[in-house]
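*Asks:* Here you go, input_37.txt (compact mmCIF, C-alpha atoms (C1' of nucleotides)):
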# COMPACT_ATOMS: atom_id res chain seq x y z
CA MET P 12 -104.62 -100.92 -70.24
CA GLY P 13 -103.42 -102.97 -73.26
CA ARG P 14 -100.98 -105.48 -71.81
CA ASP P 15 -102.78 -105.22 -68.53
CA THR P 16 -106.12 -106.57 -69.77
CA ARG P 17 -104.41 -109.36 -71.66
CA GLN P 18 -102.59 -110.45 -68.52
CA LYS P 19 -105.75 -110.23 -66.44
CA ILE P 20 -107.47 -112.53 -68.92
CA LEU P 21 -104.67 -115.08 -68.67
CA ASP P 22 -104.70 -114.95 -64.87
CA SER P 23 -108.44 -115.40 -64.60
CA ALA P 24 -108.46 -118.14 -67.24
CA ARG P 25 -105.72 -120.09 -65.48
CA GLU P 26 -107.63 -119.94 -62.22
CA LEU P 27 -110.92 -120.99 -63.79
CA PHE P 28 -109.39 -123.79 -65.86
CA SER P 29 -107.70 -125.12 -62.73
CA VAL P 30 -111.03 -125.57 -60.99
CA HIS P 31 -113.44 -126.48 -63.79
CA GLY P 32 -111.27 -127.77 -66.62
CA TYR P 33 -111.11 -126.50 -70.19
CA ASN P 34 -114.59 -127.54 -71.25
CA GLY P 35 -116.10 -126.45 -67.97
CA VAL P 36 -115.21 -122.81 -68.57
CA SER P 37 -116.86 -120.64 -71.23
CA LEU P 38 -115.59 -117.38 -72.68
CA GLN P 39 -118.49 -115.77 -70.84
CA ASP P 40 -117.17 -117.10 -67.53
CA ILE P 41 -113.71 -115.69 -68.20
CA ALA P 42 -115.05 -112.30 -69.33
CA ASP P 43 -117.27 -112.08 -66.24
CA THR P 44 -114.41 -112.92 -63.91
CA VAL P 45 -112.09 -110.35 -65.50
CA GLY P 46 -114.89 -107.81 -65.55
CA ILE P 47 -114.85 -107.14 -69.31
CA SER P 48 -117.23 -107.91 -72.13
CA LYS P 49 -117.13 -111.06 -74.17
CA GLY P 50 -116.45 -108.97 -77.26
CA ASN P 51 -113.39 -107.45 -75.67
CA LEU P 52 -112.19 -110.88 -74.70
CA THR P 53 -112.31 -112.13 -78.27
CA TYR P 54 -110.50 -108.99 -79.34
CA HIS P 55 -107.48 -110.16 -77.35
CA PHE P 56 -107.85 -113.87 -78.09
CA SER P 57 -109.76 -114.63 -81.25
CA LYS P 58 -110.13 -118.30 -80.32
CA LYS P 59 -110.54 -120.06 -77.02
CA GLU P 60 -107.66 -122.40 -77.82
CA GLU P 61 -105.29 -119.46 -78.05
CA ILE P 62 -105.79 -118.68 -74.38
CA MET P 63 -104.80 -122.21 -73.43
CA GLU P 64 -101.88 -122.23 -75.86
CA GLU P 65 -100.49 -119.04 -74.36
CA LEU P 66 -101.15 -120.31 -70.85
CA LEU P 67 -99.17 -123.48 -71.52
CA SER P 68 -96.25 -121.93 -73.38
CA GLU P 69 -96.11 -119.16 -70.78
CA SER P 70 -95.14 -121.49 -67.97
CA GLN P 71 -93.90 -124.89 -68.96
CA PRO P 72 -92.86 -127.09 -66.05
CA SER P 73 -89.53 -127.77 -67.67
CA ASP P 74 -88.67 -124.15 -68.27
CA GLN P 75 -86.51 -123.13 -65.37
CA LEU P 76 -85.03 -126.54 -64.73
CA GLY P 77 -81.30 -126.96 -64.84
CA GLN P 78 -79.45 -130.25 -65.21
CA PRO P 79 -79.14 -131.82 -61.72
CA LYS P 80 -75.49 -132.40 -60.83
CA THR P 81 -75.92 -133.58 -57.24
CA LEU P 82 -78.52 -135.40 -55.16
CA GLN P 83 -79.21 -132.01 -53.63
CA ASP P 84 -80.03 -130.66 -57.10
CA MET P 85 -82.26 -133.65 -57.73
CA ASP P 86 -84.11 -133.01 -54.49
CA ALA P 87 -84.56 -129.37 -55.45
CA LEU P 88 -85.97 -130.51 -58.78
CA PHE P 89 -88.49 -132.78 -57.05
CA LEU P 90 -89.47 -129.96 -54.73
CA HIS P 91 -89.84 -127.62 -57.69
CA MET P 92 -91.96 -130.16 -59.57
CA GLN P 93 -94.17 -130.56 -56.55
CA GLN P 94 -94.91 -126.83 -56.60
CA VAL P 95 -95.43 -126.71 -60.36
CA VAL P 96 -97.87 -129.60 -60.21
CA SER P 97 -99.96 -127.98 -57.49
CA GLN P 98 -99.90 -124.58 -59.18
CA HIS P 99 -100.80 -125.93 -62.61
CA SER P 100 -103.13 -128.70 -61.56
CA TYR P 101 -105.35 -128.21 -64.61
CA TYR P 102 -102.42 -128.97 -66.88
CA PHE P 103 -101.88 -132.38 -65.33
CA LEU P 104 -105.50 -133.22 -64.66
CA TYR P 105 -106.57 -132.64 -68.24
CA HIS P 106 -103.40 -133.03 -70.24
CA ALA P 107 -104.69 -135.94 -72.34
CA GLN P 108 -107.62 -133.77 -73.28
CA LEU P 109 -105.42 -130.73 -73.88
CA SER P 110 -103.19 -132.57 -76.31
CA GLN P 111 -106.20 -133.04 -78.57
CA LEU P 112 -107.05 -129.34 -78.55
CA SER P 113 -104.50 -128.26 -81.11
CA PRO P 114 -101.32 -129.57 -82.71
CA LYS P 115 -99.44 -126.67 -81.16
CA ILE P 116 -100.41 -127.76 -77.65
CA ALA P 117 -99.49 -131.36 -78.41
CA GLU P 118 -96.09 -130.13 -79.56
CA ILE P 119 -95.58 -128.04 -76.42
CA GLN P 120 -96.39 -131.03 -74.25
CA ASN P 121 -94.16 -133.34 -76.22
CA ARG P 122 -91.19 -131.03 -75.98
CA SER P 123 -91.69 -130.65 -72.25
CA TYR P 124 -91.87 -134.39 -71.76
CA ARG P 125 -88.73 -135.00 -73.73
CA THR P 126 -86.87 -132.37 -71.73
CA ILE P 127 -87.78 -133.83 -68.35
CA ARG P 128 -86.96 -137.31 -69.57
CA ASN P 129 -83.49 -136.37 -70.75
CA LEU P 130 -82.87 -134.37 -67.60
CA LEU P 131 -83.58 -137.38 -65.41
CA LYS P 132 -81.77 -139.92 -67.56
CA GLU P 133 -78.58 -137.86 -67.73
CA ALA P 134 -78.68 -137.30 -63.98
CA PHE P 135 -79.02 -141.04 -63.44
CA CYS P 136 -75.99 -141.77 -65.60
CA LEU P 137 -73.95 -139.08 -63.85
CA PHE P 138 -74.86 -140.43 -60.42
CA CYS P 139 -73.86 -143.89 -61.57
CA GLU P 140 -70.43 -142.68 -62.65
CA GLU P 141 -69.97 -140.99 -59.30
CA GLY P 142 -70.86 -144.16 -57.43
CA LEU P 143 -74.07 -142.76 -55.98
CA PHE P 144 -76.28 -145.06 -58.08
CA ARG P 145 -75.67 -148.76 -58.53
CA LYS P 146 -75.34 -150.18 -62.04
CA GLU P 147 -78.43 -151.40 -63.89
CA LEU P 148 -79.70 -154.86 -62.88
CA PHE P 149 -80.83 -155.32 -66.49
CA THR P 150 -80.68 -153.29 -69.69
CA GLY P 151 -83.30 -150.59 -69.63
CA GLU P 152 -83.74 -150.45 -65.86
CA TYR P 153 -82.76 -146.78 -65.73
CA ASP P 154 -85.18 -145.99 -68.54
CA CYS P 155 -87.91 -147.80 -66.67
CA MET P 156 -87.24 -145.87 -63.46
CA VAL P 157 -87.14 -142.61 -65.41
CA ASP P 158 -90.57 -143.48 -66.80
CA ALA P 159 -91.91 -144.35 -63.35
CA LEU P 160 -90.56 -141.11 -61.94
CA HIS P 161 -91.85 -139.14 -64.90
CA MET P 162 -95.27 -140.76 -64.57
CA ALA P 163 -95.32 -139.88 -60.90
CA ILE P 164 -94.44 -136.28 -61.74
CA SER P 165 -97.20 -136.01 -64.33
CA TYR P 166 -99.96 -137.88 -62.57
CA TRP P 167 -99.29 -137.39 -58.88
CA GLY P 168 -102.05 -134.78 -58.69
CA PRO P 169 -104.88 -136.66 -60.41
CA PHE P 170 -103.78 -139.95 -58.91
CA SER P 171 -103.81 -138.76 -55.33
CA SER P 172 -107.01 -136.74 -55.80
CA LEU P 173 -108.80 -139.90 -56.90
CA GLN P 174 -107.63 -141.72 -53.80
CA LYS P 175 -108.29 -139.06 -51.23
CA SER P 176 -110.18 -141.51 -49.03
CA ILE P 177 -107.13 -143.76 -48.90
CA ALA P 178 -103.99 -142.86 -46.98
CA ILE P 179 -101.86 -141.18 -49.65
CA ASP P 180 -100.85 -138.22 -47.59
CA MET P 181 -97.22 -138.69 -48.47
CA GLU P 182 -96.10 -135.78 -50.56
CA TYR P 183 -94.69 -136.14 -54.03
CA ARG P 184 -91.10 -135.37 -53.13
CA ARG P 185 -90.93 -138.25 -50.67
CA HIS P 186 -92.65 -140.54 -53.16
CA ALA P 187 -90.11 -139.71 -55.86
CA TRP P 188 -87.18 -140.56 -53.63
CA SER P 189 -88.87 -143.75 -52.49
CA ILE P 190 -89.25 -144.89 -56.09
CA ILE P 191 -85.54 -144.65 -56.81
CA TYR P 192 -84.19 -145.40 -53.34
CA HIS P 193 -83.18 -148.91 -54.34
CA LEU P 194 -80.93 -147.48 -57.04
CA LEU P 195 -78.79 -145.71 -54.45
CA THR P 196 -75.51 -147.23 -53.31
CA GLU P 197 -74.47 -147.14 -49.66
CA LYS P 198 -72.61 -143.94 -50.47
CA GLY P 199 -75.67 -142.51 -52.16
CA ARG P 200 -77.96 -143.43 -49.26
CA ALA P 201 -75.65 -141.81 -46.78
CA GLU P 202 -75.63 -138.64 -48.83
CA LEU P 203 -79.41 -138.67 -49.21
CA LYS P 204 -79.82 -139.10 -45.47
CA SER P 205 -78.49 -135.58 -44.93
CA ILE P 206 -81.05 -134.21 -47.39
CA ILE P 207 -84.29 -135.99 -46.60
CA GLN P 208 -85.45 -138.73 -44.22
CA ILE P 209 -87.12 -141.57 -46.13
CA MET G 157 -135.29 -154.90 -80.49
CA GLY G 158 -135.49 -153.71 -76.87
CA ARG G 159 -132.31 -154.96 -75.26
CA ASP G 160 -130.68 -154.90 -78.65
CA THR G 161 -130.93 -151.15 -79.22
CA ARG G 162 -129.79 -150.42 -75.70
CA GLN G 163 -126.70 -152.55 -76.23
CA LYS G 164 -125.98 -150.96 -79.60
CA ILE G 165 -126.09 -147.55 -77.93
CA LEU G 166 -123.60 -148.65 -75.30
CA ASP G 167 -121.29 -150.17 -77.91
CA SER G 168 -121.29 -147.09 -80.12
CA ALA G 169 -120.93 -144.75 -77.15
CA ARG G 170 -117.95 -146.67 -75.80
CA GLU G 171 -116.25 -146.50 -79.16
CA LEU G 172 -116.93 -142.77 -79.63
CA PHE G 173 -115.93 -141.85 -76.08
CA SER G 174 -112.67 -143.77 -76.56
CA VAL G 175 -111.70 -141.57 -79.47
CA HIS G 176 -113.16 -138.16 -78.63
CA GLY G 177 -113.72 -138.16 -74.88
CA TYR G 178 -116.96 -137.53 -73.00
CA ASN G 179 -117.35 -133.86 -73.89
CA GLY G 180 -116.26 -134.45 -77.45
CA VAL G 181 -119.24 -136.68 -78.18
CA SER G 182 -122.81 -135.37 -78.39
CA LEU G 183 -126.03 -137.36 -78.12
CA GLN G 184 -126.50 -136.57 -81.79
CA ASP G 185 -123.18 -138.24 -82.62
CA ILE G 186 -124.16 -141.38 -80.75
CA ALA G 187 -127.64 -141.50 -82.29
CA ASP G 188 -126.19 -141.07 -85.79
CA THR G 189 -123.64 -143.85 -85.25
CA VAL G 190 -126.26 -146.27 -83.95
CA GLY G 191 -128.64 -145.23 -86.70
CA ILE G 192 -131.50 -144.10 -84.48
CA SER G 193 -133.05 -140.75 -83.66
CA LYS G 194 -131.94 -138.57 -80.80
CA GLY G 195 -135.41 -138.92 -79.29
CA ASN G 196 -135.10 -142.67 -79.25
CA LEU G 197 -131.70 -142.37 -77.63
CA THR G 198 -133.06 -140.32 -74.73
CA TYR G 199 -135.85 -142.84 -74.37
CA HIS G 200 -133.25 -145.43 -73.39
CA PHE G 201 -130.99 -143.08 -71.44
CA SER G 202 -132.74 -140.01 -70.11
CA LYS G 203 -129.44 -138.31 -69.29
CA LYS G 204 -126.05 -138.40 -70.98
CA GLU G 205 -124.38 -139.26 -67.69
CA GLU G 206 -126.40 -142.46 -67.43
CA ILE G 207 -124.71 -143.83 -70.54
CA MET G 208 -121.29 -143.30 -69.01
CA GLU G 209 -122.38 -144.67 -65.63
CA GLU G 210 -123.64 -147.88 -67.23
CA LEU G 211 -120.53 -148.09 -69.41
CA LEU G 212 -118.25 -147.89 -66.37
CA SER G 213 -120.18 -150.22 -64.06
CA GLU G 214 -120.60 -152.67 -66.94
CA SER G 215 -116.91 -153.41 -67.18
CA GLN G 216 -114.77 -152.37 -64.28
CA PRO G 217 -111.10 -153.31 -64.63
CA SER G 218 -111.07 -154.97 -61.24
CA ASP G 219 -114.14 -157.11 -61.85
CA GLN G 220 -112.78 -160.48 -62.85
CA LEU G 221 -109.51 -160.23 -60.97
CA GLY G 222 -108.66 -162.86 -58.40
CA GLN G 223 -106.06 -162.53 -55.68
CA PRO G 224 -102.66 -163.43 -57.21
CA LYS G 225 -101.07 -166.34 -55.35
CA THR G 226 -98.03 -166.90 -57.55
CA LEU G 227 -95.76 -164.87 -59.81
CA GLN G 228 -97.55 -166.59 -62.66
CA ASP G 229 -100.85 -165.18 -61.36
CA MET G 230 -99.29 -161.74 -61.09
CA ASP G 231 -98.09 -161.95 -64.66
CA ALA G 232 -101.58 -162.96 -65.79
CA LEU G 233 -102.94 -159.96 -63.91
CA PHE G 234 -100.53 -157.61 -65.70
CA LEU G 235 -101.46 -159.16 -69.02
CA HIS G 236 -105.13 -158.78 -68.20
CA MET G 237 -104.64 -155.14 -67.17
CA GLN G 238 -102.84 -154.46 -70.42
CA GLN G 239 -105.87 -155.66 -72.36
CA VAL G 240 -108.33 -153.77 -70.17
CA VAL G 241 -106.39 -150.56 -70.57
CA SER G 242 -106.30 -150.81 -74.34
CA GLN G 243 -109.96 -151.77 -74.58
CA HIS G 244 -111.17 -149.03 -72.23
CA SER G 245 -108.74 -146.28 -73.14
CA TYR G 246 -111.35 -143.56 -72.60
CA TYR G 247 -111.69 -144.60 -68.99
CA PHE G 248 -108.02 -144.01 -68.30
CA LEU G 249 -107.54 -141.04 -70.59
CA TYR G 250 -110.33 -139.04 -69.04
CA HIS G 251 -110.79 -140.55 -65.61
CA ALA G 252 -110.08 -137.31 -63.72
CA GLN G 253 -112.78 -135.67 -65.77
CA LEU G 254 -115.17 -138.60 -65.37
CA SER G 255 -114.95 -138.55 -61.60
CA GLN G 256 -116.45 -135.06 -61.66
CA LEU G 257 -119.42 -136.16 -63.77
CA SER G 258 -121.46 -137.71 -60.99
CA PRO G 259 -120.95 -138.97 -57.44
CA LYS G 260 -121.92 -142.45 -58.65
CA ILE G 261 -119.04 -142.51 -61.11
CA ALA G 262 -116.61 -141.19 -58.50
CA GLU G 263 -117.72 -144.03 -56.22
CA ILE G 264 -117.25 -146.66 -58.94
CA GLN G 265 -113.74 -145.42 -59.61
CA ASN G 266 -112.84 -145.25 -55.95
CA ARG G 267 -113.98 -148.80 -55.30
CA SER G 268 -112.01 -150.04 -58.29
CA TYR G 269 -108.86 -148.26 -57.12
CA ARG G 270 -109.13 -149.64 -53.63
CA THR G 271 -109.60 -153.16 -54.97
CA ILE G 272 -106.53 -153.09 -57.20
CA ARG G 273 -104.47 -151.54 -54.42
CA ASN G 274 -105.36 -154.22 -51.91
CA LEU G 275 -104.87 -156.95 -54.48
CA LEU G 276 -101.30 -155.82 -55.14
CA LYS G 277 -100.38 -155.12 -51.54
CA GLU G 278 -101.56 -158.52 -50.32
CA ALA G 279 -99.72 -160.25 -53.14
CA PHE G 280 -96.54 -158.38 -52.19
CA CYS G 281 -96.82 -159.51 -48.57
CA LEU G 282 -97.50 -163.09 -49.61
CA PHE G 283 -94.51 -163.13 -51.94
CA CYS G 284 -92.37 -161.76 -49.12
CA GLU G 285 -93.43 -164.57 -46.80
CA GLU G 286 -92.61 -167.10 -49.47
CA GLY G 287 -89.14 -165.65 -49.99
CA LEU G 288 -89.84 -164.43 -53.51
CA PHE G 289 -89.70 -160.76 -52.48
CA ARG G 290 -87.00 -159.26 -50.29
CA LYS G 291 -88.01 -157.39 -47.15
CA GLU G 292 -88.70 -153.66 -47.28
CA LEU G 293 -85.61 -151.41 -47.32
CA PHE G 294 -87.67 -148.84 -45.39
CA THR G 295 -91.16 -148.63 -43.97
CA GLY G 296 -93.65 -147.93 -46.72
CA GLU G 297 -91.50 -149.19 -49.60
CA TYR G 298 -94.10 -151.79 -50.60
CA ASP G 299 -96.82 -149.14 -50.49
CA CYS G 300 -94.71 -146.92 -52.69
CA MET G 301 -94.12 -149.67 -55.23
CA VAL G 302 -97.83 -150.53 -55.19
CA ASP G 303 -98.54 -146.89 -55.99
CA ALA G 304 -95.99 -146.82 -58.79
CA LEU G 305 -97.42 -150.03 -60.23
CA HIS G 306 -100.94 -148.76 -59.84
CA MET G 307 -100.05 -145.48 -61.50
CA ALA G 308 -98.47 -147.38 -64.36
CA ILE G 309 -101.63 -149.45 -64.72
CA SER G 310 -103.84 -146.39 -64.79
CA TYR G 311 -101.76 -144.09 -66.93
CA TRP G 312 -99.76 -146.35 -69.20
CA GLY G 313 -102.11 -145.57 -72.08
CA PRO G 314 -102.17 -141.77 -71.88
CA PHE G 315 -98.53 -141.63 -70.87
CA SER G 316 -97.24 -143.63 -73.80
CA SER G 317 -99.59 -141.91 -76.25
CA LEU G 318 -98.11 -138.55 -75.27
CA GLN G 319 -94.64 -139.84 -75.95
CA LYS G 320 -95.25 -141.65 -79.19
CA SER G 321 -92.28 -139.96 -80.81
CA ILE G 322 -89.98 -141.30 -78.12
CA ALA G 323 -89.00 -144.94 -77.84
CA ILE G 324 -91.61 -146.32 -75.46
CA ASP G 325 -92.49 -149.35 -77.45
CA MET G 326 -92.07 -151.58 -74.43
CA GLU G 327 -95.43 -152.98 -73.52
CA TYR G 328 -97.04 -152.44 -70.17
CA ARG G 329 -96.52 -155.98 -68.89
CA ARG G 330 -92.76 -155.72 -69.26
CA HIS G 331 -92.79 -152.28 -67.70
CA ALA G 332 -94.68 -153.53 -64.65
CA TRP G 333 -92.18 -156.31 -64.02
CA SER G 334 -89.29 -153.92 -64.51
CA ILE G 335 -90.67 -151.60 -61.85
CA ILE G 336 -90.71 -154.31 -59.19
CA TYR G 337 -87.80 -156.41 -60.40
CA HIS G 338 -85.52 -155.07 -57.68
CA LEU G 339 -87.93 -156.40 -55.05
CA LEU G 340 -87.38 -159.98 -56.20
CA THR G 341 -84.98 -162.26 -54.35
CA GLU G 342 -82.64 -164.61 -56.22
CA LYS G 343 -85.33 -167.27 -55.86
CA GLY G 344 -87.96 -164.87 -57.17
CA ARG G 345 -85.83 -163.85 -60.15
CA ALA G 346 -85.20 -167.45 -61.08
CA GLU G 347 -88.92 -168.14 -61.00
CA LEU G 348 -89.71 -165.03 -63.02
CA LYS G 349 -87.16 -166.03 -65.64
CA SER G 350 -89.35 -168.98 -66.63
CA ILE G 351 -92.32 -166.64 -67.09
CA ILE G 352 -90.97 -163.60 -68.87
CA GLN G 353 -87.58 -162.37 -70.06
CA ILE G 354 -86.81 -158.91 -68.63
C1' DG N 63 -109.54 -100.77 -76.79
C1' DT N 64 -113.86 -101.47 -75.18
C1' DC N 65 -118.46 -101.91 -75.62
C1' DT N 66 -123.43 -103.79 -77.21
C1' DA N 67 -125.86 -106.60 -80.12
C1' DT N 68 -126.40 -110.50 -82.55
C1' DA N 69 -125.42 -114.16 -85.73
C1' DA N 70 -125.14 -119.12 -86.41
C1' DA N 71 -124.64 -123.30 -84.63
C1' DC N 72 -125.06 -126.77 -81.30
C1' DC N 73 -126.26 -128.68 -76.90
C1' DG N 74 -129.24 -131.78 -73.76
C1' DA N 75 -133.79 -132.67 -72.88
C1' DT N 76 -138.98 -132.78 -73.64
C1' DA N 77 -143.60 -133.40 -75.91
C1' DG N 78 -146.51 -135.78 -78.52
C1' DA N 79 -147.85 -138.46 -82.84
C1' DC N 80 -147.59 -143.10 -84.53
C1' DG E 15 -140.17 -148.34 -79.13
C1' DT E 16 -139.35 -145.20 -82.44
C1' DC E 17 -140.02 -141.17 -84.66
C1' DT E 18 -140.32 -135.76 -85.70
C1' DA E 19 -140.42 -131.33 -83.99
C1' DT E 20 -139.08 -128.11 -80.92
C1' DC E 21 -137.93 -125.72 -76.54
C1' DG E 22 -134.70 -123.19 -73.75
C1' DG E 23 -130.23 -122.62 -73.03
C1' DT E 24 -125.30 -122.18 -74.19
C1' DT E 25 -121.53 -121.95 -77.17
C1' DT E 26 -117.91 -119.48 -80.19
C1' DA E 27 -117.37 -115.84 -83.11
C1' DT E 28 -118.54 -111.52 -85.74
C1' DA E 29 -120.21 -106.68 -86.85
C1' DG E 30 -120.32 -102.20 -85.86
C1' DA E 31 -120.96 -98.06 -82.64
C1' DC E 32 -118.21 -95.29 -79.53
As structure tokens - that is how I would like this structure written.
*Replies:*
Amino acid sequence: MGRDTRQKILDSARELFSVHGYNGVSLQDIADTVGISKGNLTYHFSKKEEIMEELLSESQPSDQLGQPKTLQDMDALFLHMQQVVSQHSYYFLYHAQLSQLSPKIAEIQNRSYRTIRNLLKEAFCLFCEEGLFRKELFTGEYDCMVDALHMAISYWGPFSSLQKSIAIDMEYRRHAWSIIYHLLTEKGRAELKSIIQI
Amino acid sequence: MGRDTRQKILDSARELFSVHGYNGVSLQDIADTVGISKGNLTYHFSKKEEIMEELLSESQPSDQLGQPKTLQDMDALFLHMQQVVSQHSYYFLYHAQLSQLSPKIAEIQNRSYRTIRNLLKEAFCLFCEEGLFRKELFTGEYDCMVDALHMAISYWGPFSSLQKSIAIDMEYRRHAWSIIYHLLTEKGRAELKSIIQI
DNA sequence: GTCTATAAACCGATAGAC
DNA sequence: GTCTATCGGTTTATAGAC
């Protein structure tokens, strides 16, 4: 039951953190949910932080992402992000708080952010070379759109949850394409049309 | 010393919350900073939530904002938002968490969000009528850009703080204009040029 | 590995003297 | 209005039996 208990703890913790946030969940809550004692819990994870650290490093959003080579790849990336965000809502809802938990967590987050950023920027440049994206209107426009897209990825969950009374029923994937639609050339727009209807 | 102590509590609490977040600050911390006893603190605010509620309703970002009529107004709004965000960083860093604190706080946030949203959308439509903005490329493009702008307003602080090792030294005001630059017509771009250099 | 028991500290909130 | 003292509850973490 060694590995098994450890995994059960992580699963229960992830679920509880998703609903109540890091501070809203005590070790007692986790132990109760798993069905073990608090003492046993601290045998596996000596500190509460360690659970979160393992949870984050276990499944980083940027893990399984490959460099997008086509608009189709980009769309798949958006779709994938949409799933990650909904499955790891606690990560995005409380990530400012999480970064203060431990230097290790801050480092994990930072690495993830840098990865996504580079992924998007390189894709933009590639699309530009292939005539799918127009050239920059001003220096730094691509960087700005990468930031906007990145911000949308990170905060789509909390942002839309705060506005549930307003009509933001549009899913993230559509929002992402809408943000960068103006960057597409005629060729790019034609190609996108076969992928998704904006 | 009646009003005085109450105000001191609010000032100290705002400062502490900004750095450590709501859960990271205890009533003891606040009392110590003000230089009063914990008992005296709970005389003024019987519950911890009440401090945050008063703090939020005291200075809502959308309070002193008028409807932007010109690009100059819009720029002033961005500038104003930039100051608000830096002065009330706790509000933006922890707003997902804060909304769960009490229904009253959730309502305050929701009203604020709706106000900013409408402010931006109406300005967009006005600018379009005046030939400063081009027409929408697709239905909902304005709404999408309003969301992107709104997200940037809300999360510029936390977003840039998480990326401090990366080159995001561009201030929020410039970022906001960059996001919507592609919406400007030739006439609009000429007018913007006299306000800010993108 | 898992348990019980408990330490040690801190939390928000209350009671009552002054 | 301000204080001290304290209650009842919760927290993380440890010690030791099995």
*Asks:* At a cut-off of 12 Å, which residues of chain N touch chain P? Count only C-alpha atoms (C1' of nucleotides) and give the answer as an mmCIF file with C-alpha atoms (C1' of nucleotides), keeping the file's coordinate frame.
*Replies:*
data_model
loop_
_atom_site.group_PDB
_atom_site.id
_atom_site.type_symbol
_atom_site.label_atom_id
_atom_site.label_comp_id
_atom_site.auth_asym_id
_atom_site.auth_seq_id
_atom_site.Cartn_x
_atom_site.Cartn_y
_atom_site.Cartn_z
ATOM 1 C "C1'" DG N 63 -109.540 -100.770 -76.790
ATOM 2 C "C1'" DT N 64 -113.860 -101.470 -75.180
ATOM 3 C "C1'" DC N 65 -118.460 -101.910 -75.620
ATOM 4 C "C1'" DT N 66 -123.430 -103.790 -77.210
ATOM 5 C "C1'" DA N 67 -125.860 -106.600 -80.120
ATOM 6 C "C1'" DT N 68 -126.400 -110.500 -82.550
#
*Asks:* Just the residues within 9 Å of region 19-26 of chain E, please, counting all atoms listed in the file, with nothing from its chain fewer than 4 positions along; format it as a PyMOL selection string.
*Replies:* (chain P and resi 37-38+58-59) or (chain N and resi 71-73+75-77)
*Asks:* May I ask you to extract the residues of chain G within 9 Å of chain P, using only C-alpha atoms, and to give them as a CSV table (one decimal) with C-alpha atoms, keeping the file's coordinate frame?
*Replies:*
chain,number,residue,atom,x,y,z
G,176,HIS,CA,-113.2,-138.2,-78.6
G,177,GLY,CA,-113.7,-138.2,-74.9
G,179,ASN,CA,-117.4,-133.9,-73.9
G,249,LEU,CA,-107.5,-141.0,-70.6
G,250,TYR,CA,-110.3,-139.0,-69.0
G,251,HIS,CA,-110.8,-140.6,-65.6
G,252,ALA,CA,-110.1,-137.3,-63.7
G,253,GLN,CA,-112.8,-135.7,-65.8
G,255,SER,CA,-115.0,-138.6,-61.6
G,262,ALA,CA,-116.6,-141.2,-58.5
G,265,GLN,CA,-113.7,-145.4,-59.6
G,266,ASN,CA,-112.8,-145.2,-56.0
G,269,TYR,CA,-108.9,-148.3,-57.1
G,270,ARG,CA,-109.1,-149.6,-53.6
G,293,LEU,CA,-85.6,-151.4,-47.3
G,294,PHE,CA,-87.7,-148.8,-45.4
G,295,THR,CA,-91.2,-148.6,-44.0
G,296,GLY,CA,-93.6,-147.9,-46.7
G,297,GLU,CA,-91.5,-149.2,-49.6
G,300,CYS,CA,-94.7,-146.9,-52.7
G,301,MET,CA,-94.1,-149.7,-55.2
G,304,ALA,CA,-96.0,-146.8,-58.8
G,305,LEU,CA,-97.4,-150.0,-60.2
G,307,MET,CA,-100.0,-145.5,-61.5
G,308,ALA,CA,-98.5,-147.4,-64.4
G,310,SER,CA,-103.8,-146.4,-64.8
G,311,TYR,CA,-101.8,-144.1,-66.9
G,312,TRP,CA,-99.8,-146.4,-69.2
G,314,PRO,CA,-102.2,-141.8,-71.9
G,315,PHE,CA,-98.5,-141.6,-70.9
G,317,SER,CA,-99.6,-141.9,-76.2
G,318,LEU,CA,-98.1,-138.6,-75.3
G,319,GLN,CA,-94.6,-139.8,-76.0
G,320,LYS,CA,-95.2,-141.6,-79.2
G,321,SER,CA,-92.3,-140.0,-80.8
G,322,ILE,CA,-90.0,-141.3,-78.1
G,331,HIS,CA,-92.8,-152.3,-67.7
G,334,SER,CA,-89.3,-153.9,-64.5
G,335,ILE,CA,-90.7,-151.6,-61.8
G,337,TYR,CA,-87.8,-156.4,-60.4
G,338,HIS,CA,-85.5,-155.1,-57.7
G,339,LEU,CA,-87.9,-156.4,-55.0
G,354,ILE,CA,-86.8,-158.9,-68.6
*Asks:* How many Å lie between C1' of DA79 (chain N) and CA of Val190 (chain G), rounded to one decimal?
*Replies:* 23.0 Å
*Asks:* From the options G:Leu212, G:Ile351, G:Ala346, G:Leu227, which residue's atoms come nearest to Leu276 (chain G), counting only C-alpha atoms?
*Replies:*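 Of G:Leu212, G:Ile351, G:Ala346, G:Leu227, the one nearest Leu276 (chain G), counting only C-alpha atoms, is G:Leu227.
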*Asks:* Suppose you want the space between CA of Gln18 (chain P) and CA of His99 (chain P); what is it in Å?
*Replies:*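 Value for the CA of Gln18 (chain P)-CA of His99 (chain P) distance: 16.7 Å.
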*Asks:* Can you check which residues of chain E have any atom within 8 Å of chain G? Use only C-alpha atoms (C1' of nucleotides) and format it as a PyMOL selection string.
*Replies:* chain E and resi 15-17
*Asks:* Rounded to one decimal place, report the CA of Ile352 (chain G)-CA of Gln238 (chain G) distance in Å.
*Replies:*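 Distance reported for this atom pair: 15.1 Å.
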*Asks:* Around all the atoms of chain N listed in the file, draw an axis-aligned box and extend it by 4 Å on each of the six sides; I want its centre and edge lengths in Å to one decimal, as lines of an AutoDock Vina configuration file.
*Replies:*
center_x = -128.7
center_y = -121.9
center_z = -79.6
size_x = 46.3
size_y = 50.3
size_z = 21.5
*Asks:* Out of P:Arg25, P:Lys80, P:His91, P:Lys115, which residue has the shortest atom-to-atom distance to Glu64 (chain P) when counting only C-alpha atoms?
*Replies:* P:Lys115
